[in-house]
$ cat my_file.txt   # compact mmCIF, C-alpha atoms
# COMPACT_ATOMS: atom_id res chain seq x y z
CA MET A 1 73.72 21.02 26.32
CA ALA A 2 71.02 20.89 23.69
CA LEU A 3 70.04 24.13 22.07
CA ASN A 4 66.37 23.94 23.03
CA ALA A 5 66.63 22.35 26.44
CA GLN A 6 63.36 22.89 28.26
CA HIS A 7 64.06 23.28 31.93
CA GLU A 8 61.22 22.66 34.38
CA ILE A 9 61.52 26.29 35.40
CA HIS A 10 60.43 27.36 31.90
CA SER A 11 57.13 25.54 32.08
CA ARG A 12 56.47 26.97 35.53
CA ARG A 13 57.21 30.48 34.32
CA PHE A 14 55.00 29.91 31.29
CA GLY A 15 52.16 28.86 33.57
CA ARG A 16 52.66 31.95 35.67
CA ASN A 17 52.70 34.25 32.66
CA LEU A 18 49.64 32.57 31.19
CA GLY A 19 47.81 32.96 34.50
CA LEU A 20 48.67 36.63 34.68
CA ALA A 21 47.58 37.16 31.07
CA LEU A 22 44.22 35.56 31.79
CA VAL A 23 43.75 37.63 34.96
CA LEU A 24 44.51 40.84 33.04
CA LEU A 25 42.13 39.89 30.23
CA ALA A 26 39.41 39.10 32.76
CA PHE A 27 40.00 42.47 34.42
CA VAL A 28 39.64 44.29 31.08
CA ALA A 29 36.43 42.38 30.37
CA LEU A 30 35.14 43.20 33.84
CA VAL A 31 35.78 46.93 33.53
CA PHE A 32 34.21 46.94 30.08
CA GLY A 33 31.14 45.08 31.32
CA LEU A 34 30.81 47.39 34.30
CA THR A 35 31.02 50.42 32.00
CA VAL A 36 28.33 49.04 29.71
CA VAL A 37 26.02 48.34 32.66
CA LYS A 38 26.56 51.77 34.21
CA VAL A 39 26.10 53.67 30.94
CA THR A 40 22.99 51.77 29.86
CA ARG A 41 21.43 52.29 33.28
CA GLY A 42 22.07 56.04 33.02
CA ASP A 43 24.22 56.35 36.13
CA PRO A 44 25.50 59.91 36.58
CA MET A 45 28.98 60.21 35.13
CA GLN A 46 30.97 62.75 33.13
CA GLY A 47 34.01 62.38 30.97
CA PHE A 48 36.38 65.19 30.02
CA ASP A 49 35.95 65.75 26.30
CA HIS A 50 38.20 68.78 25.57
CA THR A 51 35.30 71.05 24.67
CA VAL A 52 33.79 74.05 26.40
CA ARG A 53 30.59 73.18 28.21
CA PRO A 54 28.66 76.35 29.06
CA GLU A 55 26.48 74.48 31.53
CA MET A 56 29.54 73.93 33.71
CA THR A 57 30.58 77.60 33.99
CA PRO A 58 29.39 79.32 37.17
CA LEU A 59 26.44 81.62 36.72
CA ASP A 60 26.99 85.36 37.03
CA PRO A 61 24.31 86.57 39.47
CA ALA A 62 24.39 90.11 37.99
CA ALA A 63 23.43 88.79 34.58
CA GLN A 64 20.41 86.91 35.92
CA PRO A 65 17.00 88.59 35.95
CA GLU A 66 15.75 88.82 39.50
CA ALA A 67 12.76 86.78 40.48
CA GLY A 68 9.45 88.61 40.42
CA GLN A 69 10.49 91.27 37.86
CA MET B 70 73.89 28.66 22.96
CA SER B 71 72.59 27.60 26.30
CA ASP B 72 70.09 29.36 28.45
CA ILE B 73 72.05 30.70 31.37
CA HIS B 74 68.87 31.42 33.29
CA ALA B 75 67.93 27.77 33.39
CA ASN B 76 70.84 26.69 35.52
CA GLY B 77 72.36 29.87 36.80
CA ASP B 78 71.94 31.63 40.12
CA MET B 79 68.98 33.61 38.83
CA THR B 80 66.62 30.69 39.21
CA ARG B 81 65.45 29.54 42.58
CA GLU B 82 64.75 25.89 43.12
CA GLY B 83 61.42 26.78 44.68
CA GLU B 84 60.32 29.44 42.23
CA ALA B 85 56.62 30.16 42.53
CA GLY B 86 53.98 28.89 40.16
CA PHE B 87 50.70 30.74 39.57
CA GLY B 88 48.97 28.54 42.13
CA ASP B 89 51.33 29.69 44.88
CA TYR B 90 50.16 33.26 44.46
CA VAL B 91 46.56 32.05 44.55
CA ALA B 92 47.35 30.14 47.77
CA LEU B 93 48.54 33.42 49.32
CA LEU B 94 44.97 34.69 49.03
CA LYS B 95 43.63 31.92 51.31
CA PRO B 96 40.95 30.68 48.88
CA ARG B 97 39.20 28.57 51.52
CA VAL B 98 38.59 31.57 53.77
CA MET B 99 37.38 33.41 50.68
CA SER B 100 34.42 31.06 50.26
CA LEU B 101 32.86 32.34 53.51
CA VAL B 102 33.54 35.92 52.45
CA VAL B 103 31.91 35.36 49.04
CA PHE B 104 28.82 33.69 50.46
CA THR B 105 28.13 36.17 53.28
CA ALA B 106 28.89 39.23 51.13
CA LEU B 107 26.55 37.90 48.44
CA VAL B 108 23.77 37.38 50.98
CA GLY B 109 24.32 40.89 52.41
CA LEU B 110 23.94 42.30 48.90
CA LEU B 111 20.94 40.22 47.88
CA VAL B 112 18.84 40.75 51.01
CA ALA B 113 19.29 44.54 50.92
CA PRO B 114 16.12 46.46 50.02
CA VAL B 115 17.77 48.13 46.99
CA PRO B 116 17.97 45.91 43.89
CA VAL B 117 21.41 45.76 42.26
CA HIS B 118 22.19 44.78 38.66
CA PRO B 119 23.45 41.17 38.53
CA PHE B 120 26.73 42.16 36.87
CA VAL B 121 27.36 44.87 39.46
CA THR B 122 26.54 42.31 42.18
CA PHE B 123 29.09 39.91 40.68
CA THR B 124 31.71 42.66 40.49
CA CYS B 125 31.11 43.78 44.07
CA VAL B 126 31.36 40.27 45.48
CA LEU B 127 34.48 39.61 43.41
CA PHE B 128 36.28 42.67 44.76
CA ILE B 129 35.14 42.10 48.34
CA ALA B 130 36.62 38.59 48.00
CA LEU B 131 39.77 40.01 46.43
CA GLY B 132 40.10 42.44 49.34
CA GLY B 133 39.78 39.47 51.70
CA GLY B 134 42.44 37.66 49.67
CA ALA B 135 44.73 40.68 49.83
CA SER B 136 44.50 40.77 53.61
CA GLY B 137 45.26 37.03 53.60
CA ALA B 138 48.45 37.68 51.62
CA LEU B 139 49.45 40.50 54.00
CA ASN B 140 48.73 38.23 56.95
CA MET B 141 50.99 35.53 55.47
CA TRP B 142 53.70 38.13 54.94
CA TRP B 143 53.56 39.29 58.55
CA ASP B 144 53.14 35.83 60.08
CA SER B 145 55.76 34.07 57.96
CA ASP B 146 58.02 33.70 61.00
CA ILE B 147 55.43 31.77 63.02
CA ASP B 148 54.17 29.92 59.94
CA ARG B 149 57.64 28.38 59.69
CA ILE B 150 57.31 27.00 63.22
CA MET B 151 53.78 25.57 63.16
CA ARG B 152 53.21 22.23 61.48
CA ARG B 153 49.80 23.28 60.11
CA THR B 154 51.24 26.28 58.26
CA LYS B 155 54.70 25.01 57.26
CA GLY B 156 53.50 24.16 53.77
CA ARG B 157 52.31 27.70 52.99
CA PRO B 158 54.08 29.36 50.03
CA ILE B 159 56.43 31.59 52.09
CA PRO B 160 57.65 29.06 54.71
CA ALA B 161 58.00 26.48 51.92
CA GLY B 162 60.34 28.90 50.13
CA ARG B 163 58.28 29.18 46.94
CA VAL B 164 57.30 32.83 47.43
CA GLN B 165 59.50 35.56 48.88
CA GLU B 166 58.18 37.68 51.74
CA GLY B 167 58.48 40.85 49.67
CA GLU B 168 56.40 39.30 46.90
CA ALA B 169 53.57 38.54 49.33
CA LEU B 170 53.74 42.09 50.69
CA GLY B 171 53.69 43.56 47.19
CA LEU B 172 50.84 41.35 46.04
CA GLY B 173 48.83 42.09 49.19
CA LEU B 174 49.28 45.85 48.92
CA ALA B 175 48.55 45.94 45.19
CA LEU B 176 45.41 43.82 45.48
CA SER B 177 44.23 45.87 48.47
CA GLY B 178 44.45 49.05 46.40
CA ILE B 179 42.82 47.50 43.35
CA SER B 180 39.96 45.90 45.31
CA VAL B 181 39.14 49.04 47.32
CA ILE B 182 39.18 51.36 44.29
CA MET B 183 37.26 48.96 42.08
CA LEU B 184 34.62 48.33 44.76
CA ALA B 185 34.18 52.08 45.24
CA LEU B 186 33.80 52.53 41.46
CA ALA B 187 31.44 49.59 41.06
CA SER B 188 29.16 50.53 43.96
CA ASN B 189 29.88 53.54 46.17
CA ILE B 190 32.65 55.22 48.17
CA ALA B 191 31.25 54.07 51.53
CA ALA B 192 31.58 50.41 50.52
CA GLY B 193 35.14 51.00 49.31
CA LEU B 194 36.08 52.71 52.58
CA LEU B 195 34.53 49.90 54.62
CA LEU B 196 36.54 47.33 52.65
CA ALA B 197 39.71 49.38 53.23
CA PHE B 198 38.93 49.48 56.95
CA THR B 199 38.35 45.70 56.99
CA ILE B 200 41.76 45.05 55.41
CA PHE B 201 43.38 47.51 57.84
CA PHE B 202 41.61 45.87 60.77
CA TYR B 203 42.62 42.33 59.82
CA VAL B 204 46.22 43.13 58.99
CA VAL B 205 47.17 45.88 61.45
CA ILE B 206 44.80 45.51 64.42
CA TYR B 207 44.54 41.71 64.38
CA SER B 208 47.68 40.25 62.74
CA VAL B 209 50.28 42.82 63.76
CA TRP B 210 48.94 44.00 67.09
CA LEU B 211 46.56 41.67 68.91
CA LYS B 212 47.18 38.17 67.60
CA ARG B 213 50.40 37.78 69.54
CA SER B 214 49.48 39.86 72.56
CA THR B 215 46.12 38.69 73.91
CA PRO B 216 44.25 35.37 74.26
CA GLN B 217 41.14 37.24 73.11
CA ASN B 218 42.76 37.48 69.66
CA ILE B 219 40.12 35.24 68.08
CA VAL B 220 37.31 37.43 69.39
CA ILE B 221 38.75 40.60 67.91
CA GLY B 222 39.97 38.94 64.74
CA GLY B 223 36.42 37.69 64.20
CA ALA B 224 35.36 41.24 63.41
CA ALA B 225 37.38 41.17 60.20
CA GLY B 226 35.50 38.07 59.05
CA ALA B 227 32.20 39.65 60.07
CA PHE B 228 32.44 42.71 57.83
CA PRO B 229 31.71 41.13 54.38
CA PRO B 230 27.88 40.94 54.69
CA MET B 231 27.91 44.52 55.96
CA ILE B 232 30.02 45.60 52.98
CA GLY B 233 27.60 43.76 50.68
CA TRP B 234 24.69 45.61 52.27
CA VAL B 235 26.47 48.97 51.92
CA CYS B 236 27.20 48.21 48.24
CA ALA B 237 23.45 48.06 47.65
CA THR B 238 22.14 50.73 50.01
CA GLY B 239 25.08 53.12 50.49
CA SER B 240 24.77 53.10 54.28
CA VAL B 241 24.88 50.89 57.37
CA SER B 242 21.63 49.94 59.06
CA LEU B 243 20.42 47.71 61.90
CA GLU B 244 20.14 44.69 59.60
CA ALA B 245 23.76 45.07 58.48
CA VAL B 246 24.90 45.43 62.09
CA LEU B 247 23.02 42.28 63.11
CA MET B 248 24.56 40.26 60.27
CA PHE B 249 27.94 41.55 61.43
CA LEU B 250 27.23 40.59 65.04
CA LEU B 251 26.01 37.14 64.03
CA ILE B 252 29.42 36.28 62.54
CA PHE B 253 31.35 38.24 65.16
CA MET B 254 29.78 36.36 68.09
CA TRP B 255 29.87 33.04 66.24
CA THR B 256 33.63 33.16 65.59
CA PRO B 257 34.90 32.49 69.16
CA PRO B 258 32.91 29.28 69.79
CA HIS B 259 33.75 28.14 66.26
CA PHE B 260 37.52 28.61 66.58
CA TRP B 261 37.88 27.64 70.22
CA SER B 262 36.11 24.32 69.61
CA LEU B 263 38.69 23.69 66.87
CA ALA B 264 41.50 24.68 69.25
CA LEU B 265 40.25 22.11 71.77
CA PHE B 266 40.99 19.12 69.55
CA MET B 267 43.68 20.46 67.22
CA ASN B 268 47.18 19.66 68.36
CA SER B 269 48.54 23.01 67.43
CA ASP B 270 51.97 24.47 68.01
CA TYR B 271 50.70 27.89 69.10
CA GLU B 272 52.71 27.66 72.29
CA LYS B 273 55.94 27.05 70.38
CA ALA B 274 55.12 29.93 68.04
CA GLY B 275 54.35 32.28 70.93
CA VAL B 276 50.72 32.88 69.99
CA PRO B 277 48.62 33.21 73.17
CA MET B 278 45.65 31.02 72.24
CA LEU B 279 43.09 30.69 75.01
CA THR B 280 43.63 26.93 75.23
CA VAL B 281 47.32 27.58 75.90
CA THR B 282 47.09 30.56 78.27
CA HIS B 283 44.01 29.61 80.30
CA GLY B 284 43.68 25.89 79.64
CA LYS B 285 40.93 23.82 78.06
CA ARG B 286 38.58 24.05 81.04
CA ALA B 287 38.41 27.84 80.73
CA THR B 288 38.07 27.55 76.96
CA ARG B 289 35.00 25.32 77.37
CA ALA B 290 33.45 27.93 79.68
CA HIS B 291 34.26 30.69 77.18
CA ILE B 292 32.59 28.70 74.38
CA LEU B 293 29.40 28.39 76.44
CA VAL B 294 29.36 32.08 77.41
CA TYR B 295 29.90 33.29 73.84
CA THR B 296 27.28 30.88 72.51
CA ILE B 297 24.73 32.23 75.01
CA ALA B 298 25.68 35.78 74.02
CA LEU B 299 25.30 34.91 70.33
CA VAL B 300 21.69 33.70 70.57
CA PRO B 301 19.94 37.09 71.09
CA PHE B 302 21.63 38.57 68.02
CA ALA B 303 20.78 35.58 65.85
CA LEU B 304 17.14 35.74 66.93
CA ALA B 305 16.89 39.55 66.80
CA ALA B 306 17.77 39.49 63.10
CA GLY B 307 14.55 37.55 62.59
CA PHE B 308 12.46 40.57 63.62
CA THR B 309 14.08 43.01 61.19
CA SER B 310 13.35 43.55 57.49
CA ILE B 311 15.68 40.70 56.48
CA GLY B 312 13.99 38.21 58.80
CA GLY B 313 10.58 36.60 58.91
CA PRO B 314 8.79 33.52 60.20
CA ALA B 315 10.88 31.11 58.10
CA TYR B 316 14.16 32.62 59.28
CA LEU B 317 12.99 32.70 62.87
CA ALA B 318 11.97 29.02 62.78
CA VAL B 319 15.38 28.05 61.37
CA ALA B 320 17.20 30.31 63.86
CA VAL B 321 15.33 28.96 66.89
CA ALA B 322 16.10 25.36 65.93
CA LEU B 323 19.77 26.06 65.13
CA ASN B 324 20.35 28.09 68.28
CA LEU B 325 18.78 25.47 70.53
CA MET B 326 21.06 22.84 68.99
CA PHE B 327 24.11 25.11 69.22
CA LEU B 328 23.37 25.95 72.85
CA TRP B 329 22.93 22.27 73.69
CA GLY B 330 26.25 21.47 72.00
CA ALA B 331 28.06 24.24 73.90
CA PHE B 332 26.50 23.06 77.17
CA ARG B 333 27.68 19.50 76.51
CA LEU B 334 31.22 20.71 75.78
CA TRP B 335 31.18 22.69 79.01
CA ARG B 336 30.16 19.62 81.04
CA ARG B 337 32.85 17.40 79.57
CA ASP B 338 36.34 17.17 81.00
CA GLU B 339 39.59 16.31 79.28
CA ALA B 340 39.50 12.65 80.36
CA GLN B 341 36.13 12.17 78.69
CA ALA B 342 37.23 14.08 75.60
CA GLU B 343 40.41 12.07 75.20
CA ALA B 344 38.53 8.82 75.78
CA ASP B 345 36.32 9.35 72.74
CA GLY B 346 38.87 11.22 70.62
CA TYR B 347 37.21 14.64 71.07
CA ALA B 348 34.10 13.39 69.26
CA ALA B 349 31.74 15.99 70.76
CA GLU B 350 34.18 18.83 70.11
CA LYS B 351 34.59 17.77 66.49
CA ARG B 352 30.81 17.49 66.10
CA PHE B 353 30.32 20.96 67.60
CA PHE B 354 32.92 22.45 65.25
CA LYS B 355 31.29 20.87 62.20
CA PHE B 356 27.87 22.00 63.35
CA SER B 357 29.15 25.56 63.82
CA LEU B 358 29.92 25.72 60.09
CA LEU B 359 26.42 24.50 59.28
CA TYR B 360 24.98 26.95 61.82
CA LEU B 361 26.35 30.00 60.04
CA PHE B 362 25.66 28.67 56.56
CA LEU B 363 22.01 27.92 57.37
CA HIS B 364 21.41 31.29 59.03
CA PHE B 365 22.56 33.12 55.92
CA THR B 366 20.68 30.69 53.69
CA ALA B 367 17.55 31.51 55.72
CA PHE B 368 18.11 35.24 55.06
CA LEU B 369 18.27 34.41 51.35
CA LEU B 370 15.15 32.27 51.63
CA GLU B 371 13.23 35.17 53.19
CA ALA B 372 14.41 37.51 50.42
CA GLY B 373 13.37 34.94 47.83
CA LEU B 374 9.93 34.48 49.42
CA LYS B 375 9.44 38.24 49.51
CA SER B 376 9.84 38.46 45.75
CA TYR B 377 6.78 36.17 45.52
CA GLY B 378 4.84 38.29 47.96
CA LEU B 379 5.54 35.87 50.82
CA GLY B 380 8.02 35.99 53.66
CA GLY B 381 8.82 38.86 55.99
CA TRP B 382 6.50 40.16 58.65

$ encode --input "my_file.txt" --output "structure tokens"
Amino acid sequence: MALNAQHEIHSRRFGRNLGLALVLLAFVALVFGLTVVKVTRGDPMQGFDHTVRPEMTPLDPAAQPEAGQ
Amino acid sequence: MSDIHANGDMTREGEAGFGDYVALLKPRVMSLVVFTALVGLLVAPVPVHPFVTFTCVLFIALGGGASGALNMWWDSDIDRIMRRTKGRPIPAGRVQEGEALGLGLALSGISVIMLALASNIAAGLLLAFTIFFYVVIYSVWLKRSTPQNIVIGGAAGAFPPMIGWVCATGSVSLEAVLMFLLIFMWTPPHFWSLALFMNSDYEKAGVPMLTVTHGKRATRAHILVYTIALVPFALAAGFTSIGGPAYLAVAVALNLMFLWGAFRLWRRDEAQAEADGYAAEKRFFKFSLLYLFLHFTAFLLEAGLKSYGLGGW
């Protein structure tokens, strides 16, 4: 048998792999596009950024000045 | 060195190509899903960014495809028996049952999550329910147990415009329900007219189609009754925010023609039908496709006219 014999099964598998690669690339592009659209339109979203965000800590009612005083 | 995989036991003669996996998603059914979901999204009163619209329709279609793959997994035993479905990837031996199940489940998860992320949770949940309904309620439970299977199964095909609407608005409203009912009530006459002239092997496969269990006479009567029941919903949509004079004119004309066609089918008997090769039945089936397409096109037309300050009431 020749060293580089190309069985029909190889071309079919190549087609399958190529198809999957294209689908995955399209998915990445889609998620990226969706992110760009959502961010530029100012949709509400938050990402965890490993920093303390004081605005997210619950307010202590005792520390708040009461209304009308 | 030779490649042992090329000739060894690890290769199957009928190993799947990429197209076989695409065929599992029933691309022809998908076209109806894409069109109606797109119309549902475009006629909604809330404008949606074109890219988000594209994404939503894509994942609604993918959800539909996923349920198609799950349906082929479950029905592979009867697909092997019926001539019409023998060439599908699983009965033909190109795709294994487990592969179809895996693909269907994976795509269901991806489509539901991505739709929820692209639009809103309600739309994602509605898509999940649609897949559940088509696969579990229709395919697994009712398809093989009642001759009304087509009626109930029609609900699965009727959800896409409602999902499209929910993608834009975040909730279900009368307009979305009427678009749902339009497809839901249209499905029985559409499929039963096909069953009248298609020489199917449903009997052999043990699927209780109405033509098999109750005969063609009863099927003709059912077609007429469902067509009459369809008309009020088709016309009622014309008086909502997605309708208008143009839609109503189209709907009146289409429904009169559809009613006349159903009445003619009801009056015919098998001798007449066989004499002319089921010409009227075939015409009615073809017209039913046009009927649905033109109704949804008329919704789009009204939405288009509205953007120019015309259309609507």

$ interface_residues --input "my_file.txt" --of "chain A" --to "chain B" --cutoff "12 Å" --atoms "only C-alpha atoms" --output "PyMOL selection string"
chain A and resi 1-23+26-27+29-38+40-41+43+45

$ atom_distance --input "my_file.txt" --atom1 "atom CA of B:Leu279" --atom2 "atom CA of B:Pro216"
4.9 Å

$ closest_residue --input "my_file.txt" --among "B:Ser188, B:Ser208, B:Ser242, B:Asn218" --to "B:Ser310" --atoms "all atoms listed in the file"
B:Ser242

$ atom_distance --input "my_file.txt" --atom1 "atom CA of B:Glu272" --atom2 "atom CA of B:Met151"
9.4 Å

$ closest_residue --input "my_file.txt" --among "B:Gly223, B:Gly312, B:Gly373, B:Gly162" --to "B:Pro258" --atoms "only C-alpha atoms"
B:Gly223

$ closest_residue --input "my_file.txt" --among "B:Leu195, B:Leu111, B:Leu174, B:Leu93" --to "B:Gly156" --atoms "all atoms listed in the file"
B:Leu93

$ residues_near_point --input "my_file.txt" --point "(19.3, 25.9, 67.5)" --cutoff "12 Å" --atoms "all atoms listed in the file" --output "mmCIF file with C-alpha atoms, in the coordinates of the input"
data_model
loop_
_atom_site.group_PDB
_atom_site.id
_atom_site.type_symbol
_atom_site.label_atom_id
_atom_site.label_comp_id
_atom_site.auth_asym_id
_atom_site.auth_seq_id
_atom_site.Cartn_x
_atom_site.Cartn_y
_atom_site.Cartn_z
ATOM 1 C CA THR B 296 27.280 30.880 72.510
ATOM 2 C CA ILE B 297 24.730 32.230 75.010
ATOM 3 C CA LEU B 299 25.300 34.910 70.330
ATOM 4 C CA VAL B 300 21.690 33.700 70.570
ATOM 5 C CA PRO B 301 19.940 37.090 71.090
ATOM 6 C CA ALA B 303 20.780 35.580 65.850
ATOM 7 C CA LEU B 304 17.140 35.740 66.930
ATOM 8 C CA TYR B 316 14.160 32.620 59.280
ATOM 9 C CA LEU B 317 12.990 32.700 62.870
ATOM 10 C CA ALA B 318 11.970 29.020 62.780
ATOM 11 C CA VAL B 319 15.380 28.050 61.370
ATOM 12 C CA ALA B 320 17.200 30.310 63.860
ATOM 13 C CA VAL B 321 15.330 28.960 66.890
ATOM 14 C CA ALA B 322 16.100 25.360 65.930
ATOM 15 C CA LEU B 323 19.770 26.060 65.130
ATOM 16 C CA ASN B 324 20.350 28.090 68.280
ATOM 17 C CA LEU B 325 18.780 25.470 70.530
ATOM 18 C CA MET B 326 21.060 22.840 68.990
ATOM 19 C CA PHE B 327 24.110 25.110 69.220
ATOM 20 C CA LEU B 328 23.370 25.950 72.850
ATOM 21 C CA TRP B 329 22.930 22.270 73.690
ATOM 22 C CA GLY B 330 26.250 21.470 72.000
ATOM 23 C CA ALA B 331 28.060 24.240 73.900
ATOM 24 C CA PHE B 356 27.870 22.000 63.350
ATOM 25 C CA SER B 357 29.150 25.560 63.820
ATOM 26 C CA LEU B 359 26.420 24.500 59.280
ATOM 27 C CA TYR B 360 24.980 26.950 61.820
ATOM 28 C CA LEU B 361 26.350 30.000 60.040
ATOM 29 C CA LEU B 363 22.010 27.920 57.370
ATOM 30 C CA HIS B 364 21.410 31.290 59.030
#

$ residues_around --input "my_file.txt" --residues "B:Val281" --least-positions-apart "3" --cutoff "9 Å" --atoms "all atoms listed in the file" --output "PyMOL selection string"
chain B and resi 216+271-272+276-278+284-285

$ atom_distance --input "my_file.txt" --atom1 "atom CA of B:Met248" --atom2 "atom CA of B:Tyr377"
23.5 Å

$ residues_around --input "my_file.txt" --residues "B:Glu371" --least-positions-apart "5" --cutoff "8 Å" --atoms "only C-alpha atoms" --output "mmCIF file with C-alpha atoms, in the frame of the given file"
data_model
loop_
_atom_site.group_PDB
_atom_site.id
_atom_site.type_symbol
_atom_site.label_atom_id
_atom_site.label_comp_id
_atom_site.auth_asym_id
_atom_site.auth_seq_id
_atom_site.Cartn_x
_atom_site.Cartn_y
_atom_site.Cartn_z
ATOM 1 C CA ILE B 311 15.680 40.700 56.480
ATOM 2 C CA GLY B 312 13.990 38.210 58.800
ATOM 3 C CA GLY B 313 10.580 36.600 58.910
ATOM 4 C CA ALA B 315 10.880 31.110 58.100
ATOM 5 C CA TYR B 316 14.160 32.620 59.280
ATOM 6 C CA GLY B 380 8.020 35.990 53.660
ATOM 7 C CA GLY B 381 8.820 38.860 55.990
#

$ residues_around --input "my_file.txt" --residues "B:Glu244" --least-positions-apart "6" --cutoff "10 Å" --atoms "only C-alpha atoms" --output "count of residues only"
15

$ residues_near_point --input "my_file.txt" --point "(41.0, 28.2, 61.9)" --cutoff "12 Å" --atoms "all atoms listed in the file" --output "list in words"
Lys95, Arg97, Val98, Arg153, Thr154, Ile219, Gly222, Gly223, Gly226, Thr256, Pro257, Pro258, His259, Phe260, Trp261, Ser262, Leu263, Ala264, Leu265, Phe266, Met267, Ser269, Met278, Phe354 and Leu358 of chain B
